[in-house]
>>> print(open('upload38.tsv').read())   # TSV, C-alpha atoms and all ligand atoms
chain	number	residue	atom	x	y	z
V	141	MET	CA	-9.87	-132.17	-46.76
V	142	PRO	CA	-10.52	-129.46	-49.39
V	143	ASP	CA	-7.56	-127.60	-50.81
V	144	THR	CA	-8.31	-124.48	-48.87
V	145	THR	CA	-7.96	-124.55	-45.12
V	146	ILE	CA	-7.97	-122.01	-42.37
V	147	THR	CA	-6.20	-122.19	-39.05
V	148	LEU	CA	-7.90	-121.76	-35.71
V	149	ASP	CA	-5.73	-120.95	-32.73
V	150	VAL	CA	-7.84	-122.24	-29.88
V	151	PHE	CA	-7.48	-121.58	-26.18
V	152	ARG	CA	-7.17	-124.86	-24.29
V	153	PHE	CA	-7.41	-125.32	-20.55
V	154	GLN	CA	-8.41	-128.58	-18.95
V	155	PRO	CA	-7.84	-128.43	-15.22
V	156	ASP	CA	-8.43	-132.16	-14.85
V	157	GLY	CA	-6.02	-133.01	-17.64
V	158	GLY	CA	-8.83	-133.74	-20.08
V	159	GLY	CA	-8.62	-137.50	-19.46
V	160	HIS	CA	-4.99	-137.52	-20.49
V	161	ALA	CA	-2.02	-137.91	-18.27
V	162	ARG	CA	-1.58	-134.20	-17.80
V	163	ARG	CA	-0.90	-132.59	-14.52
V	164	SER	CA	-3.83	-130.55	-13.25
V	165	THR	CA	-1.42	-127.70	-12.72
V	166	ASP	CA	-0.86	-127.37	-16.45
V	167	GLY	CA	-1.74	-123.83	-17.36
V	168	PRO	CA	-3.75	-122.68	-20.34
V	169	THR	CA	-2.25	-123.03	-23.80
V	170	PHE	CA	-3.18	-122.28	-27.37
V	171	LYS	CA	-3.45	-125.06	-29.89
V	172	ALA	CA	-3.55	-124.52	-33.65
V	173	TYR	CA	-5.96	-126.59	-35.74
V	174	ARG	CA	-6.15	-126.61	-39.52
V	175	VAL	CA	-9.76	-126.96	-40.62
V	176	PRO	CA	-11.41	-127.02	-44.06
V	177	TYR	CA	-12.43	-123.60	-45.27
V	178	HIS	CA	-15.99	-123.16	-46.50
V	179	GLU	CA	-17.47	-119.80	-47.27
V	180	HIS	CA	-20.70	-120.57	-45.46
V	181	TRP	CA	-19.02	-121.92	-42.34
V	182	VAL	CA	-19.03	-120.01	-39.10
V	183	VAL	CA	-16.45	-120.31	-36.33
V	184	LEU	CA	-18.79	-122.66	-34.48
V	185	ASP	CA	-18.85	-125.03	-37.50
V	186	ALA	CA	-15.07	-125.09	-37.43
V	187	LEU	CA	-15.04	-125.87	-33.70
V	188	ASN	CA	-17.54	-128.68	-34.26
V	189	TRP	CA	-15.34	-130.04	-37.02
V	190	ILE	CA	-12.34	-129.98	-34.71
V	191	LYS	CA	-14.30	-131.79	-32.02
V	192	ASP	CA	-15.58	-134.44	-34.46
V	193	GLU	CA	-12.42	-134.98	-36.49
V	194	LEU	CA	-9.38	-133.93	-34.51
V	195	ASP	CA	-9.88	-133.68	-30.78
V	196	GLY	CA	-12.98	-134.83	-28.95
V	197	THR	CA	-11.82	-133.26	-25.70
V	198	LEU	CA	-12.37	-129.69	-26.94
V	199	SER	CA	-15.12	-128.20	-24.77
V	200	TYR	CA	-17.43	-125.29	-25.53
V	201	ARG	CA	-21.10	-124.37	-25.23
V	202	TRP	CA	-23.54	-124.11	-28.08
V	203	SER	CA	-27.07	-125.09	-28.93
V	204	CYS	CA	-29.21	-123.28	-31.50
V	205	ARG	CA	-26.65	-122.30	-34.16
V	206	MET	CA	-28.87	-119.35	-35.04
V	207	GLY	CA	-28.22	-116.53	-32.60
V	208	VAL	CA	-31.10	-117.37	-30.31
V	209	CYS	CA	-29.80	-119.36	-27.36
V	210	GLY	CA	-26.89	-117.12	-26.46
V	211	SER	CA	-24.59	-119.93	-25.39
V	212	CYS	CA	-21.84	-119.77	-28.04
V	213	GLY	CA	-20.25	-116.45	-27.09
V	214	MET	CA	-16.44	-116.42	-27.31
V	215	MET	CA	-13.64	-114.02	-28.10
V	216	VAL	CA	-12.89	-114.21	-31.81
V	217	ASN	CA	-9.65	-112.39	-32.57
V	218	GLY	CA	-10.12	-110.49	-29.34
V	219	VAL	CA	-13.69	-109.37	-30.01
V	220	PRO	CA	-16.69	-110.88	-28.21
V	221	LYS	CA	-18.83	-112.66	-30.80
V	222	LEU	CA	-21.54	-115.27	-31.14
V	223	THR	CA	-19.46	-117.96	-32.86
V	224	CYS	CA	-22.56	-119.18	-34.71
V	225	ALA	CA	-22.73	-115.77	-36.38
V	226	ALA	CA	-19.00	-115.19	-37.02
V	227	PHE	CA	-18.26	-116.31	-40.58
V	228	LEU	CA	-14.88	-117.77	-41.49
V	229	LYS	CA	-14.91	-115.72	-44.67
V	230	ASP	CA	-14.64	-112.55	-42.66
V	231	TYR	CA	-11.29	-113.72	-41.30
V	232	TYR	CA	-9.91	-115.75	-44.21
V	233	PRO	CA	-7.05	-116.23	-44.96
V	234	GLY	CA	-5.81	-115.09	-41.56
V	235	THR	CA	-5.60	-117.26	-38.49
V	236	ILE	CA	-8.60	-117.06	-36.16
V	237	ARG	CA	-7.85	-116.90	-32.48
V	238	VAL	CA	-10.67	-118.31	-30.34
V	239	GLU	CA	-10.72	-117.66	-26.60
V	240	PRO	CA	-13.24	-117.83	-23.77
V	241	LEU	CA	-15.10	-114.61	-22.95
V	242	THR	CA	-12.82	-112.11	-21.24
V	243	TYR	CA	-13.23	-111.26	-17.52
V	244	PHE	CA	-14.89	-114.59	-16.71
V	245	ALA	CA	-13.23	-117.45	-14.90
V	246	VAL	CA	-12.59	-120.37	-17.24
V	247	GLU	CA	-13.99	-123.73	-16.27
V	248	ARG	CA	-12.60	-125.64	-19.19
V	249	ASP	CA	-11.36	-124.66	-22.65
V	250	LEU	CA	-13.90	-122.18	-24.02
V	251	ILE	CA	-16.43	-122.59	-21.22
V	252	VAL	CA	-16.71	-119.79	-18.68
V	253	ASP	CA	-18.23	-119.75	-15.23
V	254	MET	CA	-21.57	-117.89	-15.45
V	255	ASP	CA	-22.52	-118.17	-11.79
V	256	GLY	CA	-21.39	-114.64	-10.94
V	257	PHE	CA	-23.58	-113.24	-13.70
V	258	LEU	CA	-26.57	-115.32	-12.66
V	259	GLY	CA	-26.26	-113.98	-9.10
V	260	LYS	CA	-26.15	-110.41	-10.40
V	261	LEU	CA	-29.14	-111.04	-12.63
V	262	LYS	CA	-31.11	-112.38	-9.70
V	263	SER	CA	-30.19	-109.36	-7.58
V	264	VAL	CA	-32.25	-107.08	-9.85
V	265	LYS	CA	-35.35	-109.33	-9.59
V	266	PRO	CA	-35.91	-109.84	-13.31
V	267	TRP	CA	-39.54	-110.88	-13.13
V	268	LEU	CA	-42.92	-109.14	-12.91
V	269	ILE	CA	-43.57	-107.94	-9.38
V	270	ARG	CA	-47.13	-107.06	-8.36
V	271	GLU	CA	-48.26	-105.51	-5.13
V	272	ASN	CA	-51.40	-107.61	-5.35
V	273	GLU	CA	-51.65	-110.46	-7.77
V	274	LYS	CA	-55.14	-110.44	-9.23
V	275	PRO	CA	-57.04	-113.74	-9.29
V	276	VAL	CA	-56.62	-115.84	-12.43
V	277	ASP	CA	-60.31	-115.66	-13.38
V	278	GLU	CA	-60.01	-111.89	-13.76
V	279	GLY	CA	-57.89	-112.56	-16.81
V	280	GLU	CA	-54.57	-111.31	-18.11
V	281	TYR	CA	-52.87	-107.99	-17.53
V	282	LEU	CA	-53.58	-106.28	-20.83
V	283	GLN	CA	-50.99	-104.14	-22.50
V	284	SER	CA	-51.24	-101.75	-25.43
V	285	PRO	CA	-48.82	-101.99	-28.36
V	286	ASN	CA	-47.22	-98.76	-27.12
V	287	GLU	CA	-46.71	-100.16	-23.65
V	288	LEU	CA	-45.12	-103.24	-25.17
V	289	ALA	CA	-42.90	-101.13	-27.42
V	290	SER	CA	-41.56	-99.18	-24.45
V	291	PHE	CA	-39.55	-102.16	-23.16
V	292	LYS	CA	-39.50	-104.67	-26.01
V	293	GLN	CA	-35.99	-103.85	-27.17
V	294	TYR	CA	-34.58	-104.60	-23.72
V	295	SER	CA	-36.44	-107.90	-23.59
V	296	MET	CA	-34.54	-109.24	-26.60
V	297	CYS	CA	-31.48	-110.07	-24.51
V	298	ILE	CA	-30.31	-113.67	-24.85
V	299	ASN	CA	-27.84	-113.56	-21.94
V	300	CYS	CA	-24.93	-114.23	-24.25
V	301	LEU	CA	-22.62	-112.12	-22.05
V	302	LEU	CA	-20.81	-110.53	-24.97
V	303	CYS	CA	-21.51	-107.17	-23.37
V	304	TYR	CA	-19.76	-108.25	-20.16
V	305	ALA	CA	-16.70	-109.34	-22.08
V	306	ALA	CA	-16.67	-105.95	-23.83
V	307	CYS	CA	-17.02	-103.79	-20.71
V	308	PRO	CA	-13.86	-102.53	-18.98
V	309	VAL	CA	-15.83	-101.77	-15.82
V	310	VAL	CA	-16.80	-105.45	-15.57
V	311	GLY	CA	-13.10	-106.22	-15.71
V	312	ALA	CA	-12.20	-103.67	-13.07
V	313	GLU	CA	-15.08	-104.06	-10.60
V	314	GLU	CA	-15.98	-107.59	-9.73
V	315	ASP	CA	-19.32	-106.60	-8.22
V	316	PHE	CA	-20.53	-104.36	-11.05
V	317	ILE	CA	-23.99	-105.69	-11.96
V	318	GLY	CA	-23.11	-105.15	-15.60
V	319	PRO	CA	-24.82	-104.19	-18.85
V	320	ALA	CA	-27.26	-107.04	-19.56
V	321	ALA	CA	-28.60	-107.36	-16.01
V	322	LEU	CA	-29.11	-103.58	-15.77
V	323	ALA	CA	-30.88	-103.52	-19.14
V	324	ILE	CA	-33.10	-106.39	-18.05
V	325	ALA	CA	-33.91	-104.59	-14.80
V	326	GLN	CA	-34.92	-101.54	-16.80
V	327	ARG	CA	-37.01	-103.78	-19.04
V	328	TYR	CA	-39.12	-104.77	-16.00
V	329	ASN	CA	-39.21	-101.24	-14.60
V	330	LEU	CA	-40.65	-100.05	-17.92
V	331	ASP	CA	-43.22	-102.83	-18.14
V	332	SER	CA	-46.71	-101.46	-17.47
V	333	ARG	CA	-47.63	-104.69	-15.66
V	334	ASP	CA	-44.76	-104.38	-13.20
V	335	GLN	CA	-44.85	-102.62	-9.82
V	336	GLY	CA	-41.43	-103.64	-8.56
V	337	ALA	CA	-39.27	-100.59	-9.33
V	338	ALA	CA	-38.90	-99.77	-5.63
V	339	GLU	CA	-37.66	-103.29	-4.90
V	340	ARG	CA	-35.04	-103.01	-7.60
V	341	ALA	CA	-33.98	-99.51	-6.61
V	342	ASP	CA	-31.32	-100.51	-4.06
V	343	ALA	CA	-29.42	-102.56	-6.59
V	344	LEU	CA	-29.89	-100.17	-9.51
V	345	SER	CA	-28.93	-97.02	-7.63
V	346	ALA	CA	-25.82	-98.48	-5.98
V	347	ASP	CA	-22.24	-97.95	-7.04
V	348	GLU	CA	-22.40	-101.56	-8.21
V	349	GLY	CA	-25.51	-100.72	-10.25
V	350	ALA	CA	-26.00	-98.11	-12.92
V	351	TRP	CA	-23.50	-95.73	-11.29
V	352	GLY	CA	-20.68	-98.16	-11.91
V	353	CYS	CA	-21.10	-97.42	-15.61
V	354	THR	CA	-18.69	-94.82	-17.01
V	355	PHE	CA	-20.46	-94.81	-20.36
V	356	VAL	CA	-17.83	-96.56	-22.40
V	357	GLY	CA	-20.59	-97.81	-24.69
V	358	GLU	CA	-18.85	-100.97	-25.90
V	359	CYS	CA	-21.71	-103.15	-24.61
V	360	SER	CA	-24.06	-101.71	-27.20
V	361	GLU	CA	-21.40	-102.07	-29.90
V	362	VAL	CA	-21.04	-105.84	-29.44
V	363	CYS	CA	-24.64	-106.76	-28.57
V	364	PRO	CA	-25.92	-109.16	-31.26
V	365	LYS	CA	-29.56	-108.40	-30.47
V	366	ASN	CA	-29.44	-104.58	-30.54
V	367	VAL	CA	-30.54	-104.44	-26.93
V	368	ASP	CA	-28.49	-101.24	-26.41
V	369	PRO	CA	-27.63	-101.87	-22.76
V	370	ALA	CA	-25.69	-98.59	-22.64
V	371	GLY	CA	-28.86	-96.68	-23.48
V	372	ALA	CA	-30.82	-98.66	-20.91
V	373	ILE	CA	-28.26	-97.80	-18.23
V	374	GLN	CA	-28.51	-94.11	-19.09
V	375	ARG	CA	-32.25	-94.34	-18.57
V	376	VAL	CA	-31.71	-96.06	-15.23
V	377	LYS	CA	-29.47	-93.13	-14.27
V	378	VAL	CA	-32.08	-90.55	-15.26
V	379	ASP	CA	-34.78	-92.36	-13.26
V	380	ASN	CA	-32.40	-92.59	-10.35
V	381	VAL	CA	-31.66	-88.86	-10.43
V	382	LYS	CA	-35.39	-88.12	-10.32
V	383	ASP	CA	-35.76	-90.42	-7.32
V	384	TRP	CA	-32.78	-88.84	-5.61
V	385	TYR	CA	-34.14	-85.29	-5.90
V	386	ARG	CA	-37.64	-86.40	-5.02
V	387	LYS	CA	-36.28	-87.92	-1.80
V	388	LEU	CA	-34.28	-84.77	-1.13
V	389	LEU	CA	-37.17	-82.38	-1.70
V	390	MET	CA	-39.90	-84.57	-0.24
V	391	PRO	CA	-38.28	-86.74	2.42
V	392	TRP	CA	-41.73	-87.57	3.79
V	393	GLY	CA	-42.77	-89.21	0.49
V	394	HIS	CA	-42.82	-92.96	0.04
V	395	ARG	CA	-39.92	-93.18	-2.32
O	230	MET	CA	-25.43	-109.26	-2.79
O	231	THR	CA	-25.11	-106.15	-0.68
O	232	PHE	CA	-25.11	-102.74	-2.26
O	233	LYS	CA	-23.41	-99.51	-1.34
O	234	LYS	CA	-25.62	-96.42	-1.33
O	235	SER	CA	-24.39	-94.01	-3.94
O	236	ASN	CA	-24.44	-90.22	-4.21
O	237	GLU	CA	-23.49	-90.35	-7.85
O	238	ALA	CA	-27.01	-89.23	-8.73
O	239	PHE	CA	-26.19	-85.73	-7.51
O	240	TRP	CA	-22.86	-85.38	-9.32
O	241	TRP	CA	-24.25	-86.97	-12.42
O	242	SER	CA	-27.17	-84.53	-12.50
O	243	LEU	CA	-24.67	-81.62	-12.51
O	244	PHE	CA	-22.70	-83.47	-15.17
O	245	SER	CA	-25.67	-83.96	-17.42
O	246	ALA	CA	-26.97	-80.41	-16.90
O	247	GLY	CA	-23.52	-79.18	-17.90
O	248	GLY	CA	-23.51	-81.42	-20.95
O	249	VAL	CA	-26.85	-80.08	-22.13
O	250	LEU	CA	-26.05	-76.41	-21.43
O	251	SER	CA	-22.60	-76.46	-22.98
O	252	ALA	CA	-23.84	-78.28	-26.07
O	253	MET	CA	-26.64	-75.76	-26.44
O	254	PHE	CA	-24.84	-72.52	-25.70
O	255	LEU	CA	-21.08	-72.82	-26.14
O	256	PRO	CA	-21.09	-73.04	-29.96
O	257	ALA	CA	-23.38	-69.98	-30.08
O	258	PHE	CA	-21.13	-68.11	-27.63
O	259	VAL	CA	-18.07	-68.90	-29.70
O	260	VAL	CA	-19.71	-67.72	-32.90
O	261	ILE	CA	-21.13	-64.55	-31.32
O	262	SER	CA	-18.10	-63.47	-29.32
O	263	GLY	CA	-15.45	-64.76	-31.71
O	264	TYR	CA	-16.95	-63.92	-35.08
O	265	VAL	CA	-20.20	-61.99	-35.27
O	266	LEU	CA	-19.48	-59.16	-32.83
O	267	PRO	CA	-15.88	-58.44	-33.89
O	268	ASN	CA	-16.92	-58.35	-37.54
O	269	GLN	CA	-19.95	-56.24	-36.90
O	270	SER	CA	-17.94	-53.83	-34.85
O	271	SER	CA	-15.33	-53.38	-37.54
O	272	ALA	CA	-18.17	-52.36	-39.85
O	273	ASP	CA	-19.19	-49.90	-37.18
O	274	PRO	CA	-15.93	-48.31	-36.07
O	275	GLY	CA	-17.69	-46.15	-33.54
O	276	ARG	CA	-18.12	-49.25	-31.42
O	277	ALA	CA	-15.15	-51.35	-30.37
O	278	PRO	CA	-15.82	-55.09	-29.93
O	279	TYR	CA	-14.88	-55.10	-26.26
O	280	GLU	CA	-17.36	-52.40	-25.35
O	281	HIS	CA	-20.03	-54.08	-27.38
O	282	ILE	CA	-19.59	-57.47	-25.63
O	283	HIS	CA	-19.24	-55.74	-22.30
O	284	GLY	CA	-22.55	-54.06	-22.84
O	285	ILE	CA	-24.27	-57.34	-23.57
O	286	VAL	CA	-22.66	-59.24	-20.72
O	287	SER	CA	-23.41	-56.64	-18.10
O	288	TRP	CA	-27.11	-57.09	-18.72
O	289	TRP	CA	-28.27	-59.11	-15.68
O	290	PRO	CA	-30.15	-61.93	-17.41
O	291	VAL	CA	-27.01	-62.54	-19.49
O	292	ARG	CA	-24.85	-62.63	-16.35
O	293	VAL	CA	-27.14	-65.26	-14.85
O	294	LEU	CA	-27.18	-67.31	-18.04
O	295	LEU	CA	-23.41	-67.10	-18.38
O	296	PHE	CA	-22.96	-68.18	-14.79
O	297	GLY	CA	-25.23	-71.20	-15.33
O	298	VAL	CA	-23.43	-72.29	-18.47
O	299	ILE	CA	-19.95	-71.79	-17.01
O	300	ALA	CA	-20.64	-73.36	-13.61
O	301	PHE	CA	-22.41	-76.47	-14.92
O	302	THR	CA	-19.81	-76.91	-17.63
O	303	PHE	CA	-17.11	-76.93	-14.95
O	304	PHE	CA	-18.96	-79.72	-13.16
O	305	HIS	CA	-19.43	-81.57	-16.41
O	306	VAL	CA	-15.71	-81.46	-17.07
O	307	ALA	CA	-14.85	-82.41	-13.48
O	308	HIS	CA	-17.10	-85.44	-13.57
O	309	ARG	CA	-15.83	-86.58	-16.95
O	310	ILE	CA	-12.19	-86.22	-15.91
O	311	ARG	CA	-12.86	-88.13	-12.71
O	312	HIS	CA	-14.36	-91.01	-14.65
O	313	VAL	CA	-11.66	-91.03	-17.29
O	314	VAL	CA	-9.06	-91.31	-14.53
O	315	ASN	CA	-11.16	-94.10	-12.96
O	316	ASP	CA	-11.16	-95.88	-16.30
O	317	LEU	CA	-7.41	-95.46	-16.57
O	318	GLY	CA	-7.03	-97.48	-13.40
O	319	TRP	CA	-7.38	-95.25	-10.32
O	320	ARG	CA	-10.51	-96.90	-8.96
O	321	HIS	CA	-10.03	-97.19	-5.21
O	322	HIS	CA	-9.37	-94.60	-2.52
O	323	THR	CA	-10.41	-91.95	-4.97
O	324	ALA	CA	-11.31	-89.26	-2.41
O	325	PRO	CA	-8.33	-87.04	-3.36
O	326	LEU	CA	-9.25	-87.36	-7.03
O	327	SER	CA	-12.86	-86.34	-6.39
O	328	LEU	CA	-11.65	-83.49	-4.21
O	329	VAL	CA	-9.39	-82.13	-6.95
O	330	CYS	CA	-12.02	-82.54	-9.69
O	331	TYR	CA	-15.08	-81.19	-7.93
O	332	GLY	CA	-13.03	-78.77	-5.85
O	333	GLY	CA	-11.67	-77.38	-9.10
O	334	ALA	CA	-15.21	-77.08	-10.42
O	335	PHE	CA	-16.34	-75.24	-7.28
O	336	ALA	CA	-13.35	-72.91	-7.58
O	337	GLY	CA	-14.07	-72.27	-11.25
O	338	ALA	CA	-17.76	-71.67	-10.64
O	339	GLY	CA	-16.93	-69.36	-7.71
O	340	THR	CA	-14.48	-67.37	-9.78
O	341	ALA	CA	-17.03	-67.00	-12.54
O	342	ALA	CA	-19.64	-65.86	-10.03
O	343	TRP	CA	-17.26	-63.31	-8.55
O	344	LEU	CA	-16.22	-61.92	-11.94
O	345	LEU	CA	-19.81	-61.69	-13.12
O	346	LEU	CA	-20.98	-60.05	-9.91
O	347	THR	CA	-18.22	-57.48	-9.80
O	348	LEU	CA	-18.32	-56.64	-13.49
O	349	PRO	CA	-19.31	-52.98	-13.64
O	350	SER	CA	-22.32	-52.17	-15.75
O	351	VAL	CA	-21.80	-49.90	-18.72
O	352	ALA	CA	-24.15	-47.15	-19.57
O	353	GLN	CA	-25.81	-48.29	-22.80
H	401	LIG	S1	-27.46	-107.22	-23.71
H	401	LIG	FE1	-26.89	-108.02	-25.74
H	401	LIG	S2	-24.69	-108.57	-25.51
H	401	LIG	FE2	-25.53	-108.35	-23.44
H	401	LIG	S3	-26.14	-110.43	-22.84
H	401	LIG	FE3	-27.97	-109.43	-23.72
H	401	LIG	S4	-27.96	-110.00	-25.90
H	401	LIG	FE4	-25.90	-110.45	-25.10
H	402	LIG	S1	-25.42	-121.35	-30.76
H	402	LIG	FE1	-27.18	-120.34	-29.98
H	402	LIG	S2	-26.58	-118.25	-30.14
H	402	LIG	FE2	-24.93	-119.26	-31.08
>>> encode(input="upload38.tsv", output="structure tokens", more="lines below")
Ligand code: SF4
Ligand code: FES
Amino acid sequence: MPDTTITLDVFRFQPDGGGHARRSTDGPTFKAYRVPYHEHWVVLDALNWIKDELDGTLSYRWSCRMGVCGSCGMMVNGVPKLTCAAFLKDYYPGTIRVEPLTYFAVERDLIVDMDGFLGKLKSVKPWLIRENEKPVDEGEYLQSPNELASFKQYSMCINCLLCYAACPVVGAEEDFIGPAALAIAQRYNLDSRDQGAAERADALSADEGAWGCTFVGECSEVCPKNVDPAGAIQRVKVDNVKDWYRKLLMPWGHR
Amino acid sequence: MTFKKSNEAFWWSLFSAGGVLSAMFLPAFVVISGYVLPNQSSADPGRAPYEHIHGIVSWWPVRVLLFGVIAFTFFHVAHRIRHVVNDLGWRHHTAPLSLVCYGGAFAGAGTAAWLLLTLPSVAQ
């Protein structure tokens, strides 16, 4: 081990005892690990080192190590971060506390249960909806660079859920659809190839949808891909207000 | 998932109108009524600041504009306070909270309307 080390205080919770003779009722604990300090290491490197060298039972998700897959999100000193992008040098020489993403149920150690999010995502129908699908031999749905630019930012989301862990409304309202799913819904509503806005309207215009947002803005602060979910939600609100007055003034209209 | 229909769109539209109007007009109002007119009037002792402002305000387009800015700003504030209190933890059974916030805004807007309507015009 090099002379310099850094300590990681890691959240541990293994409901099945982790293969050891632990009672399944054992609650979560923190365990401190001393790991070698390298300037170019990120928190994920340190976790991998712990798993390889100290404790193979440590469980967490990761894949790409380059901010693309979105699976390595954790709380690092209380802030939601991609651990593959959180450098040890930014915390050295202090201790780094690593926890699972806030507001999510923990399955094991640093792994959270994403099912609730996936259900919310599905509820906004995040795919292209067409009234009539044109036959394949008529070719693609063409799009101008401007049409692409109108939603591209919102399509950069990697479902890392950092924005959920940052949002107090997510913590307070279990059914709040949440920042990423709302931004993704807006991404499809803005897509010139999509005709599904009416099908998404029930979810988006509900209290659980955009109106759950109290514009705290933390989602956009922590987003590693500059998706700006807070801005997307504001746009959902504006669209929703237009719909609301249109319905009020022209109740005979379609929507 | 089932979704609850929301009427937030209406309250939010008042909120955002109030945000836009107050951001646009309030700084100008403060500068005009708090600085420009009093200073101008002291250079022109024949005209006291109160009479000067009174003359401007009693012009009907100004009354209407003032009412718009004041009323929407009340709703802006009401909506913001309601959500801040929500964020502080009062999230369920919030009917009394909404009543106080928006009721207050209605009362404020009504008072403004009454004052502006009953303000006597001054002969210019
Ligand atoms: S919006 Fe940003 S923070 Fe939220 S899941 Fe997508 S990439 Fe992550
Ligand atoms: S490991 Fe893929 S985003 Fe961090």
>>> residues_around(input="upload38.tsv", residues="Asn268 of chain O", least_positions_apart="6", cutoff="10 Å", atoms="only C-alpha atoms", output="ChimeraX atom specification")
/O:261-262,278
>>> write_last_selection(input="upload38.tsv", atoms="C-alpha atoms", output="compact mmCIF listing (two decimals), in the coordinates of the input")
# COMPACT_ATOMS: atom_id res chain seq x y z
CA ILE O 261 -21.13 -64.55 -31.32
CA SER O 262 -18.10 -63.47 -29.32
CA PRO O 278 -15.82 -55.09 -29.93
>>> residues_near_ligand(input="upload38.tsv", ligand="ligand LIG 401 (chain H)", cutoff="7 Å", atoms="only C-alpha atoms and all ligand atoms", output="PDB file with C-alpha atoms, in the coordinates of the input")
ATOM      1  CA  GLY V 210     -26.890-117.120 -26.460  1.00  0.00           C
ATOM      2  CA  MET V 296     -34.540-109.240 -26.600  1.00  0.00           C
ATOM      3  CA  CYS V 297     -31.480-110.070 -24.510  1.00  0.00           C
ATOM      4  CA  ILE V 298     -30.310-113.670 -24.850  1.00  0.00           C
ATOM      5  CA  ASN V 299     -27.840-113.560 -21.940  1.00  0.00           C
ATOM      6  CA  CYS V 300     -24.930-114.230 -24.250  1.00  0.00           C
ATOM      7  CA  LEU V 301     -22.620-112.120 -22.050  1.00  0.00           C
ATOM      8  CA  LEU V 302     -20.810-110.530 -24.970  1.00  0.00           C
ATOM      9  CA  CYS V 303     -21.510-107.170 -23.370  1.00  0.00           C
ATOM     10  CA  TYR V 304     -19.760-108.250 -20.160  1.00  0.00           C
ATOM     11  CA  PRO V 319     -24.820-104.190 -18.850  1.00  0.00           C
ATOM     12  CA  ALA V 320     -27.260-107.040 -19.560  1.00  0.00           C
ATOM     13  CA  ALA V 323     -30.880-103.520 -19.140  1.00  0.00           C
ATOM     14  CA  CYS V 359     -21.710-103.150 -24.610  1.00  0.00           C
ATOM     15  CA  VAL V 362     -21.040-105.840 -29.440  1.00  0.00           C
ATOM     16  CA  CYS V 363     -24.640-106.760 -28.570  1.00  0.00           C
ATOM     17  CA  PRO V 364     -25.920-109.160 -31.260  1.00  0.00           C
ATOM     18  CA  LYS V 365     -29.560-108.400 -30.470  1.00  0.00           C
ATOM     19  CA  ASN V 366     -29.440-104.580 -30.540  1.00  0.00           C
ATOM     20  CA  VAL V 367     -30.540-104.440 -26.930  1.00  0.00           C
ATOM     21  CA  ASP V 368     -28.490-101.240 -26.410  1.00  0.00           C
ATOM     22  CA  PRO V 369     -27.630-101.870 -22.760  1.00  0.00           C
TER      23      PRO V 369
END
>>> atom_distance(input="upload38.tsv", atom1="atom CA of Leu288 of chain V", atom2="atom CA of Ser263 of chain V")
23.9 Å
>>> atom_distance(input="upload38.tsv", atom1="atom CA of Phe232 of chain O", atom2="atom CA of Asp342 of chain V")
6.8 Å
>>> interface_residues(input="upload38.tsv", of="chain V", to="chain O", cutoff="8 Å", atoms="all atoms listed in the file", output="PDB file with C-alpha atoms, in the coordinates of the input")
ATOM      1  CA  GLY V 259     -26.260-113.980  -9.100  1.00  0.00           C
ATOM      2  CA  LYS V 260     -26.150-110.410 -10.400  1.00  0.00           C
ATOM      3  CA  SER V 263     -30.190-109.360  -7.580  1.00  0.00           C
ATOM      4  CA  PRO V 308     -13.860-102.530 -18.980  1.00  0.00           C
ATOM      5  CA  VAL V 309     -15.830-101.770 -15.820  1.00  0.00           C
ATOM      6  CA  ASP V 342     -31.320-100.510  -4.060  1.00  0.00           C
ATOM      7  CA  ALA V 343     -29.420-102.560  -6.590  1.00  0.00           C
ATOM      8  CA  SER V 345     -28.930 -97.020  -7.630  1.00  0.00           C
ATOM      9  CA  ALA V 346     -25.820 -98.480  -5.980  1.00  0.00           C
ATOM     10  CA  ASP V 347     -22.240 -97.950  -7.040  1.00  0.00           C
ATOM     11  CA  GLU V 348     -22.400-101.560  -8.210  1.00  0.00           C
ATOM     12  CA  TRP V 351     -23.500 -95.730 -11.290  1.00  0.00           C
ATOM     13  CA  THR V 354     -18.690 -94.820 -17.010  1.00  0.00           C
ATOM     14  CA  LYS V 377     -29.470 -93.130 -14.270  1.00  0.00           C
ATOM     15  CA  ASN V 380     -32.400 -92.590 -10.350  1.00  0.00           C
ATOM     16  CA  VAL V 381     -31.660 -88.860 -10.430  1.00  0.00           C
ATOM     17  CA  TRP V 384     -32.780 -88.840  -5.610  1.00  0.00           C
TER      18      TRP V 384
END
>>> residues_around(input="upload38.tsv", residues="segment 212-226 of chain V", least_positions_apart="4", cutoff="8 Å", atoms="only C-alpha atoms", output="count of residues only")
28
>>> closest_residue(input="upload38.tsv", among="V:Ala245, V:Cys307, V:Leu282, V:Cys204", to="ligand LIG 402 (chain H)", atoms="all atoms listed in the file")
V:Cys204
>>> residues_around(input="upload38.tsv", residues="Gln283 of chain V", least_positions_apart="3", cutoff="10 Å", atoms="all atoms listed in the file", output="number ranges by chain")
V: 280, 286-289, 331-333
>>> atom_distance(input="upload38.tsv", atom1="atom CA of Val208 of chain V", atom2="atom CA of Thr147 of chain V")
26.8 Å
>>> residues_near_point(input="upload38.tsv", point="(-11.1, -124.8, -14.5)", cutoff="7 Å", atoms="all atoms listed in the file", output="VMD selection string")
chain V and resid 154 to 155 246 to 248
>>> closest_residue(input="upload38.tsv", among="O:Val306, O:Val314, O:Thr323, O:Phe296", to="Ala342 of chain O", atoms="all atoms listed in the file")
O:Phe296
>>> closest_residue(input="upload38.tsv", among="V:Phe151, V:Tyr177, V:Phe170, V:Phe227", to="ligand LIG 402 (chain H)", atoms="all atoms listed in the file")
V:Phe227
>>> residues_around(input="upload38.tsv", residues="Gly256 of chain V", least_positions_apart="3", cutoff="9 Å", atoms="all atoms listed in the file", output="list of chain:residue names")
V:Phe244, V:Asp253, V:Gly259, V:Lys260, V:Leu261, V:Glu314, V:Asp315
